[in-house]
$ cat start.tsv   # TSV, C-alpha atoms
chain	number	residue	atom	x	y	z
A	1	MET	CA	0.00	0.00	0.00
A	2	ALA	CA	1.50	3.30	-1.08
A	3	THR	CA	1.74	6.11	1.40
A	4	ALA	CA	1.34	9.74	0.53
A	5	GLU	CA	4.48	11.80	0.83
A	6	ARG	CA	4.40	14.75	3.20
A	7	PRO	CA	4.65	18.00	1.22
A	8	ALA	CA	7.75	20.06	1.71
A	9	SER	CA	7.47	22.77	4.35
A	10	THR	CA	6.95	26.23	2.94
A	11	GLY	CA	7.07	28.14	6.20
A	12	ASP	CA	3.65	29.65	5.57
A	13	THR	CA	2.03	28.75	8.87
A	14	PRO	CA	3.01	30.38	12.17
A	15	GLU	CA	4.10	27.03	13.56
A	16	GLU	CA	6.39	26.43	10.57
A	17	GLN	CA	7.74	29.96	10.72
A	18	HIS	CA	8.69	29.48	14.37
A	19	THR	CA	10.42	26.19	13.61
A	20	LEU	CA	12.21	27.44	10.49
A	21	ALA	CA	13.41	30.54	12.33
A	22	ASP	CA	15.17	28.44	14.94
A	23	ASP	CA	18.69	27.12	14.44
A	24	SER	CA	21.13	24.98	16.37
A	25	THR	CA	22.05	27.90	18.62
A	26	SER	CA	18.47	28.63	19.70
A	27	PRO	CA	17.70	27.98	23.40
A	28	ILE	CA	14.75	25.83	22.28
A	29	GLU	CA	14.29	23.94	19.04
A	30	SER	CA	10.70	24.91	18.34
A	31	PHE	CA	7.71	26.69	19.81
A	32	ASP	CA	4.81	24.43	20.69
A	33	ALA	CA	1.23	25.59	20.95
A	34	SER	CA	1.42	26.20	24.69
A	35	TYR	CA	4.39	28.57	24.46
A	36	ASP	CA	2.22	31.54	23.53
A	37	GLU	CA	0.21	31.03	26.71
A	38	THR	CA	2.91	30.04	29.17
A	39	GLY	CA	6.09	31.57	27.77
A	40	LEU	CA	7.63	34.60	29.46
A	41	PRO	CA	8.02	37.92	27.65
A	42	GLY	CA	11.44	39.22	26.76
A	43	ALA	CA	12.96	42.41	28.09
A	44	VAL	CA	15.39	45.18	27.14
A	45	SER	CA	18.31	46.18	29.37
A	46	LEU	CA	19.96	49.57	28.85
A	47	ASN	CA	23.73	49.17	29.05
A	48	THR	CA	24.89	52.56	27.71
A	49	PRO	CA	24.40	54.67	29.66
A	50	ASP	CA	24.40	52.23	32.55
A	51	TYR	CA	20.77	52.34	33.65
A	52	MET	CA	21.46	50.39	36.83
A	53	ALA	CA	24.16	52.84	37.94
A	54	ILE	CA	22.48	56.00	36.59
A	55	PRO	CA	18.69	55.56	36.52
A	56	THR	CA	18.19	59.12	35.21
A	57	PRO	CA	21.09	60.02	32.92
A	58	MET	CA	21.86	63.59	31.77
A	59	PHE	CA	22.54	64.34	28.10
A	60	GLU	CA	24.15	67.51	26.80
A	61	ILE	CA	22.09	69.40	24.22
A	62	GLY	CA	23.92	69.39	20.88
A	63	SER	CA	25.99	66.29	21.66
A	64	ASN	CA	25.99	62.77	20.24
A	65	VAL	CA	24.50	60.31	22.73
A	66	VAL	CA	25.42	56.63	22.46
A	67	LEU	CA	22.60	54.26	23.39
A	68	GLY	CA	23.40	50.58	23.90
A	69	TRP	CA	21.08	47.77	24.94
A	70	SER	CA	20.78	44.00	25.24
A	71	TYR	CA	17.97	41.47	25.61
A	72	SER	CA	17.09	39.10	28.42
A	73	ASN	CA	17.43	35.33	28.05
A	74	ASP	CA	13.64	35.11	27.72
A	75	THR	CA	13.74	37.03	24.44
A	76	LEU	CA	13.33	33.93	22.28
A	77	ARG	CA	11.64	35.95	19.56
A	78	PRO	CA	13.98	38.92	19.22
A	79	PRO	CA	12.72	41.86	17.17
A	80	ALA	CA	13.34	41.89	13.45
A	81	LYS	CA	13.20	45.69	13.57
A	82	VAL	CA	14.02	47.99	16.48
A	83	SER	CA	12.71	51.54	16.82
A	84	ILE	CA	13.56	54.34	19.26
A	85	CYS	CA	11.53	57.46	20.01
A	86	GLY	CA	11.43	60.27	22.55
A	87	ARG	CA	8.97	62.34	24.52
A	88	TYR	CA	9.25	65.90	25.85
A	89	PRO	CA	8.73	66.68	29.56
A	90	PRO	CA	5.10	67.00	30.73
A	91	ASP	CA	5.37	70.78	31.16
A	92	PHE	CA	6.30	71.41	27.52
A	93	ALA	CA	3.17	73.24	26.32
A	94	ALA	CA	3.58	72.47	22.60
A	95	PHE	CA	2.98	68.75	23.17
A	96	GLN	CA	0.50	68.71	26.03
A	97	ALA	CA	-2.31	67.89	23.61
A	98	ARG	CA	-0.41	64.95	22.10
A	99	THR	CA	-2.38	61.87	21.11
A	100	GLY	CA	0.54	59.45	20.71
A	101	VAL	CA	3.23	58.22	23.07
A	102	CYS	CA	6.20	59.91	21.43
A	103	ASP	CA	6.98	63.40	20.14
A	104	TRP	CA	9.89	62.54	17.84
A	105	ASP	CA	11.63	59.54	16.29
A	106	VAL	CA	15.24	58.85	17.16
A	107	ALA	CA	15.57	55.79	14.89
A	108	SER	CA	13.06	53.72	12.94
A	109	ASN	CA	13.27	50.07	11.93
A	110	LEU	CA	16.89	49.37	12.79
A	111	THR	CA	17.91	45.82	11.97
A	112	GLY	CA	17.09	43.50	14.85
A	113	SER	CA	20.74	42.56	15.33
A	114	ALA	CA	21.63	46.19	16.12
A	115	GLN	CA	22.08	46.81	19.82
A	116	SER	CA	23.48	50.33	19.77
A	117	TYR	CA	22.68	53.65	18.16
A	118	THR	CA	24.19	57.15	18.26
A	119	TRP	CA	21.57	59.85	18.70
A	120	ASN	CA	22.49	63.29	17.36
A	121	THR	CA	20.62	65.65	19.68
A	122	LEU	CA	21.30	68.58	17.34
A	123	THR	CA	19.57	67.15	14.27
A	124	GLN	CA	17.30	64.35	15.52
A	125	GLY	CA	14.43	65.98	17.35
A	126	ALA	CA	10.83	67.02	16.81
A	127	PRO	CA	10.56	68.99	13.53
A	128	GLY	CA	10.40	72.72	14.27
A	129	TYR	CA	11.37	72.36	17.93
A	130	THR	CA	14.61	72.38	19.87
A	131	PHE	CA	15.54	70.76	23.14
A	132	TYR	CA	15.76	72.78	26.31
A	133	ALA	CA	17.40	72.15	29.67
A	134	ASP	CA	14.96	70.26	31.85
A	135	LYS	CA	14.21	66.92	33.46
A	136	GLY	CA	11.38	64.57	32.63
A	137	TYR	CA	12.29	63.57	29.06
A	138	MET	CA	11.45	59.97	28.12
A	139	MET	CA	13.09	57.56	25.68
A	140	TYR	CA	11.48	54.37	24.35
A	141	ILE	CA	13.10	51.31	22.72
A	142	TYR	CA	10.59	48.89	21.20
A	143	ASP	CA	9.86	46.20	18.65
A	144	GLY	CA	9.12	48.03	15.41
A	145	ASP	CA	6.64	45.37	14.28
A	146	PHE	CA	4.46	45.74	17.38
A	147	GLY	CA	4.68	49.45	18.18
A	148	VAL	CA	5.49	51.55	21.21
A	149	SER	CA	1.97	51.29	22.63
A	150	ASN	CA	1.85	47.48	22.71
A	151	SER	CA	2.77	46.59	26.27
A	152	ASN	CA	2.15	42.88	25.77
A	153	PRO	CA	3.49	41.76	22.37
A	154	GLY	CA	3.55	38.10	23.43
A	155	ALA	CA	5.80	35.38	24.80
A	156	GLY	CA	9.44	35.74	23.89
A	157	ARG	CA	9.03	39.23	22.47
A	158	ILE	CA	10.22	42.46	24.03
A	159	ALA	CA	7.80	44.88	25.59
A	160	PRO	CA	8.60	48.59	25.05
A	161	PHE	CA	11.38	49.74	27.35
A	162	ALA	CA	11.27	53.32	28.66
A	163	PHE	CA	13.65	55.41	30.72
A	164	SER	CA	13.65	59.00	31.94
A	165	PHE	CA	16.51	61.43	31.28
A	166	SER	CA	17.44	65.08	31.66
A	167	MET	CA	19.02	67.49	29.19
A	168	TYR	CA	21.37	70.38	29.94
A	169	ASN	CA	23.26	73.16	28.18
A	170	SER	CA	27.02	73.24	28.57
A	171	GLN	CA	28.34	76.70	29.50
A	172	TYR	CA	31.97	76.09	28.57
A	173	ASN	CA	31.63	77.58	25.07
A	174	ASN	CA	30.18	80.83	26.46
A	175	THR	CA	32.57	81.42	29.33
A	176	ASN	CA	34.46	84.68	29.79
A	177	GLN	CA	36.66	83.38	32.57
A	178	GLY	CA	39.48	82.04	30.42
A	179	VAL	CA	38.30	78.42	30.26
A	180	PRO	CA	38.97	77.17	26.71
A	181	ALA	CA	36.29	75.40	24.68
A	182	GLY	CA	36.57	71.65	25.06
A	183	TYR	CA	38.37	71.93	28.40
A	184	ASN	CA	38.34	68.61	30.26
A	185	PRO	CA	39.00	69.11	33.97
A	186	SER	CA	39.50	65.37	34.44
A	187	ALA	CA	42.43	65.36	32.01
A	188	ALA	CA	44.03	68.64	33.09
A	189	SER	CA	47.57	68.36	34.45
A	190	VAL	CA	48.34	69.76	37.88
A	191	THR	CA	50.96	72.53	37.94
A	192	GLN	CA	53.33	72.12	40.85
A	193	LEU	CA	55.15	75.20	42.18
A	194	SER	CA	58.75	74.79	43.22
A	195	LEU	CA	59.92	75.85	46.67
A	196	TRP	CA	62.07	78.61	45.14
A	197	ALA	CA	59.09	80.04	43.28
A	198	VAL	CA	57.08	80.17	46.47
A	199	MET	CA	59.91	81.84	48.40
A	200	GLY	CA	60.40	84.36	45.62
A	201	ALA	CA	56.74	85.33	45.67
A	202	VAL	CA	56.85	85.78	49.47
A	203	LEU	CA	59.96	87.97	49.17
A	204	LEU	CA	58.31	90.24	46.58
A	205	VAL	CA	55.27	90.69	48.79
A	206	SER	CA	57.54	91.56	51.75
A	207	LEU	CA	59.46	94.17	49.73
A	208	ASP	CA	56.25	95.78	48.53
A	209	ALA	CA	55.00	96.02	52.08
A	210	ALA	CA	58.26	97.61	53.28
A	211	ILE	CA	58.07	100.28	50.56

$ encode --input "start.tsv" --output "structure tokens"
Amino acid sequence: MATAERPASTGDTPEEQHTLADDSTSPIESFDASYDETGLPGAVSLNTPDYMAIPTPMFEIGSNVVLGWSYSNDTLRPPAKVSICGRYPPDFAAFQARTGVCDWDVASNLTGSAQSYTWNTLTQGAPGYTFYADKGYMMYIYDGDFGVSNSNPGAGRIAPFAFSFSMYNSQYNNTNQGVPAGYNPSAASVTQLSLWAVMGAVLLVSLDAAI
């Protein structure tokens, strides 16, 4: 009795897509039907800046800000596309009537393998608006296929990650106190006065007082 051959897999069904997407390095070989109900969601961890050490980082207006992130071990369905967007502080009147979550896009549909991005705060903001020194800004990193508003995209997928940050204006470029632009106090060398220089200065002061 002849038996019918099983047709070749085309990857058209969700179950086949899950299986075909897995490889030998995947933590599990396939997703069974119960995974969508019992599987844990994935999560984003912000590594740059170090969110655990600095929960509310400060970014200089006009600078390039490096953002780096990673995914938890439960992220068995990592995003194919990653998007980043920002939100102005609550007291910014121009956006108080907003209807969406974000006020500007930082990056849209980055490849899912990307885990870092450099944000140019001078050119990547809300069209027609500039940043101002304040606290209460928000940044969101999310799966571009599910959107920033989807707080429960499903087992193995990342939920939108949000963190608060502040922005400030550097005053070094506008100083009139002799501090050069780009001055780095952490790298400045310490000038040590010799004993003879100190004694000479004391002697001059003494002579001036005697006159």

$ closest_residue --input "start.tsv" --among "A:Cys102, A:Leu46, A:Ala133, A:Cys85" --to "Val66 in chain A" --atoms "only C-alpha atoms"
A:Leu46

$ closest_residue --input "start.tsv" --among "A:Asn47, A:Ser63, A:Asn169, A:Thr111" --to "Gly144 in chain A" --atoms "only C-alpha atoms"
A:Thr111

$ atom_distance --input "start.tsv" --atom1 "CA of Ser83 in chain A" --atom2 "CA of Leu122 in chain A"
19.1 Å

$ residues_around --input "start.tsv" --residues "Trp69 in chain A" --least-positions-apart "6" --cutoff "10 Å" --atoms "all atoms listed in the file" --output "PyMOL selection string"
chain A and resi 44-51+114-117+141

$ atom_distance --input "start.tsv" --atom1 "CA of Glu60 in chain A" --atom2 "CA of Arg98 in chain A"
25.1 Å

$ atom_distance --input "start.tsv" --atom1 "CA of Tyr168 in chain A" --atom2 "CA of Asp103 in chain A"
18.8 Å

$ residues_around --input "start.tsv" --residues "Ile158 in chain A" --least-positions-apart "3" --cutoff "7 Å" --atoms "only C-alpha atoms" --output "list of chain:residue names"
A:Pro41, A:Gly42, A:Ala43, A:Val44, A:Thr75, A:Asp143, A:Pro153

$ closest_residue --input "start.tsv" --among "A:Asn73, A:Asn109, A:Thr121, A:Ser34" --to "Asp145 in chain A" --atoms "all atoms listed in the file"
A:Asn109

$ axis_aligned_box --input "start.tsv" --around "range 132-139 of chain A" --padding-each-side "8 Å" --output "AutoDock Vina command-line options"
--center_x 14.4 --center_y 65.2 --center_z 29.6 --size_x 22.0 --size_y 31.2 --size_z 23.8

$ closest_residue --input "start.tsv" --among "A:Thr118, A:Gln96, A:Ser108, A:Ser164" --to "Val148 in chain A" --atoms "all atoms listed in the file"
A:Ser108

$ residues_around --input "start.tsv" --residues "range 90-94 of chain A" --least-positions-apart "4" --cutoff "12 Å" --atoms "only C-alpha atoms" --output "VMD selection string"
chain A and resid 98 101 to 103 126 to 138 164

$ closest_residue --input "start.tsv" --among "A:Ser166, A:Asn152, A:Asn120, A:Ser113" --to "Leu40 in chain A" --atoms "all atoms listed in the file"
A:Asn152

$ closest_residue --input "start.tsv" --among "A:Pro160, A:Arg87, A:Ala53, A:Asn150" --to "Thr99 in chain A" --atoms "only C-alpha atoms"
A:Arg87

$ build_atoms --input "start.tsv" --residues "range 108-130 of chain A" --atoms "N, CA, C and O atoms" --output "short mmCIF file (atom, residue, chain, number, x, y, z; two decimals), keeping the file's coordinate frame"
data_model
loop_
_atom_site.label_atom_id
_atom_site.label_comp_id
_atom_site.auth_asym_id
_atom_site.auth_seq_id
_atom_site.Cartn_x
_atom_site.Cartn_y
_atom_site.Cartn_z
N SER A 108 14.19 54.55 13.34
CA SER A 108 13.06 53.72 12.94
C SER A 108 13.55 52.48 12.20
O SER A 108 14.37 52.58 11.27
N ASN A 109 13.05 51.34 12.62
CA ASN A 109 13.27 50.07 11.93
C ASN A 109 14.76 49.74 11.74
O ASN A 109 15.20 49.40 10.64
N LEU A 110 15.52 49.87 12.82
CA LEU A 110 16.89 49.37 12.79
C LEU A 110 16.85 47.86 12.66
O LEU A 110 15.91 47.21 13.13
N THR A 111 17.87 47.27 12.06
CA THR A 111 17.91 45.82 11.97
C THR A 111 17.91 45.23 13.38
O THR A 111 18.50 45.79 14.31
N GLY A 112 17.24 44.09 13.53
CA GLY A 112 17.09 43.50 14.85
C GLY A 112 18.39 43.13 15.52
O GLY A 112 18.46 43.03 16.74
N SER A 113 19.44 42.91 14.74
CA SER A 113 20.74 42.56 15.33
C SER A 113 21.45 43.77 15.91
O SER A 113 22.41 43.62 16.67
N ALA A 114 21.00 44.97 15.58
CA ALA A 114 21.63 46.19 16.12
C ALA A 114 21.29 46.34 17.59
O ALA A 114 20.14 46.19 18.00
N GLN A 115 22.30 46.61 18.39
CA GLN A 115 22.08 46.81 19.82
C GLN A 115 22.77 48.08 20.29
O GLN A 115 23.11 48.21 21.48
N SER A 116 22.96 49.02 19.39
CA SER A 116 23.48 50.33 19.77
C SER A 116 23.09 51.33 18.69
O SER A 116 22.85 50.97 17.53
N TYR A 117 23.01 52.58 19.10
CA TYR A 117 22.68 53.65 18.16
C TYR A 117 23.20 54.96 18.73
O TYR A 117 23.17 55.18 19.95
N THR A 118 23.71 55.84 17.85
CA THR A 118 24.19 57.15 18.26
C THR A 118 23.16 58.20 17.88
O THR A 118 22.87 58.40 16.70
N TRP A 119 22.61 58.84 18.89
CA TRP A 119 21.57 59.85 18.70
C TRP A 119 22.21 61.23 18.64
O TRP A 119 22.87 61.67 19.58
N ASN A 120 22.00 61.93 17.52
CA ASN A 120 22.49 63.29 17.36
C ASN A 120 21.42 64.24 17.89
O ASN A 120 20.39 64.47 17.23
N THR A 121 21.64 64.81 19.06
CA THR A 121 20.62 65.65 19.68
C THR A 121 20.47 66.99 18.97
O THR A 121 19.51 67.72 19.24
N LEU A 122 21.39 67.31 18.07
CA LEU A 122 21.30 68.58 17.34
C LEU A 122 20.37 68.47 16.14
O LEU A 122 19.67 69.42 15.79
N THR A 123 20.34 67.29 15.51
CA THR A 123 19.57 67.15 14.27
C THR A 123 18.39 66.20 14.38
O THR A 123 17.50 66.22 13.53
N GLN A 124 18.35 65.35 15.41
CA GLN A 124 17.30 64.35 15.52
C GLN A 124 16.37 64.70 16.68
O GLN A 124 16.52 64.21 17.80
N GLY A 125 15.41 65.56 16.38
CA GLY A 125 14.43 65.98 17.35
C GLY A 125 13.09 66.20 16.67
O GLY A 125 12.93 65.90 15.48
N ALA A 126 12.14 66.74 17.40
CA ALA A 126 10.83 67.02 16.81
C ALA A 126 10.97 68.14 15.78
O ALA A 126 11.58 69.17 16.08
N PRO A 127 10.45 67.96 14.57
CA PRO A 127 10.56 68.99 13.53
C PRO A 127 10.01 70.34 14.01
O PRO A 127 8.89 70.43 14.50
N GLY A 128 10.83 71.38 13.88
CA GLY A 128 10.40 72.72 14.27
C GLY A 128 10.61 73.05 15.73
O GLY A 128 10.30 74.18 16.16
N TYR A 129 11.16 72.12 16.51
CA TYR A 129 11.37 72.36 17.93
C TYR A 129 12.80 72.02 18.32
O TYR A 129 13.44 71.18 17.68
N THR A 130 13.28 72.67 19.34
CA THR A 130 14.61 72.38 19.87
C THR A 130 14.47 71.83 21.28
O THR A 130 13.41 71.95 21.91
#
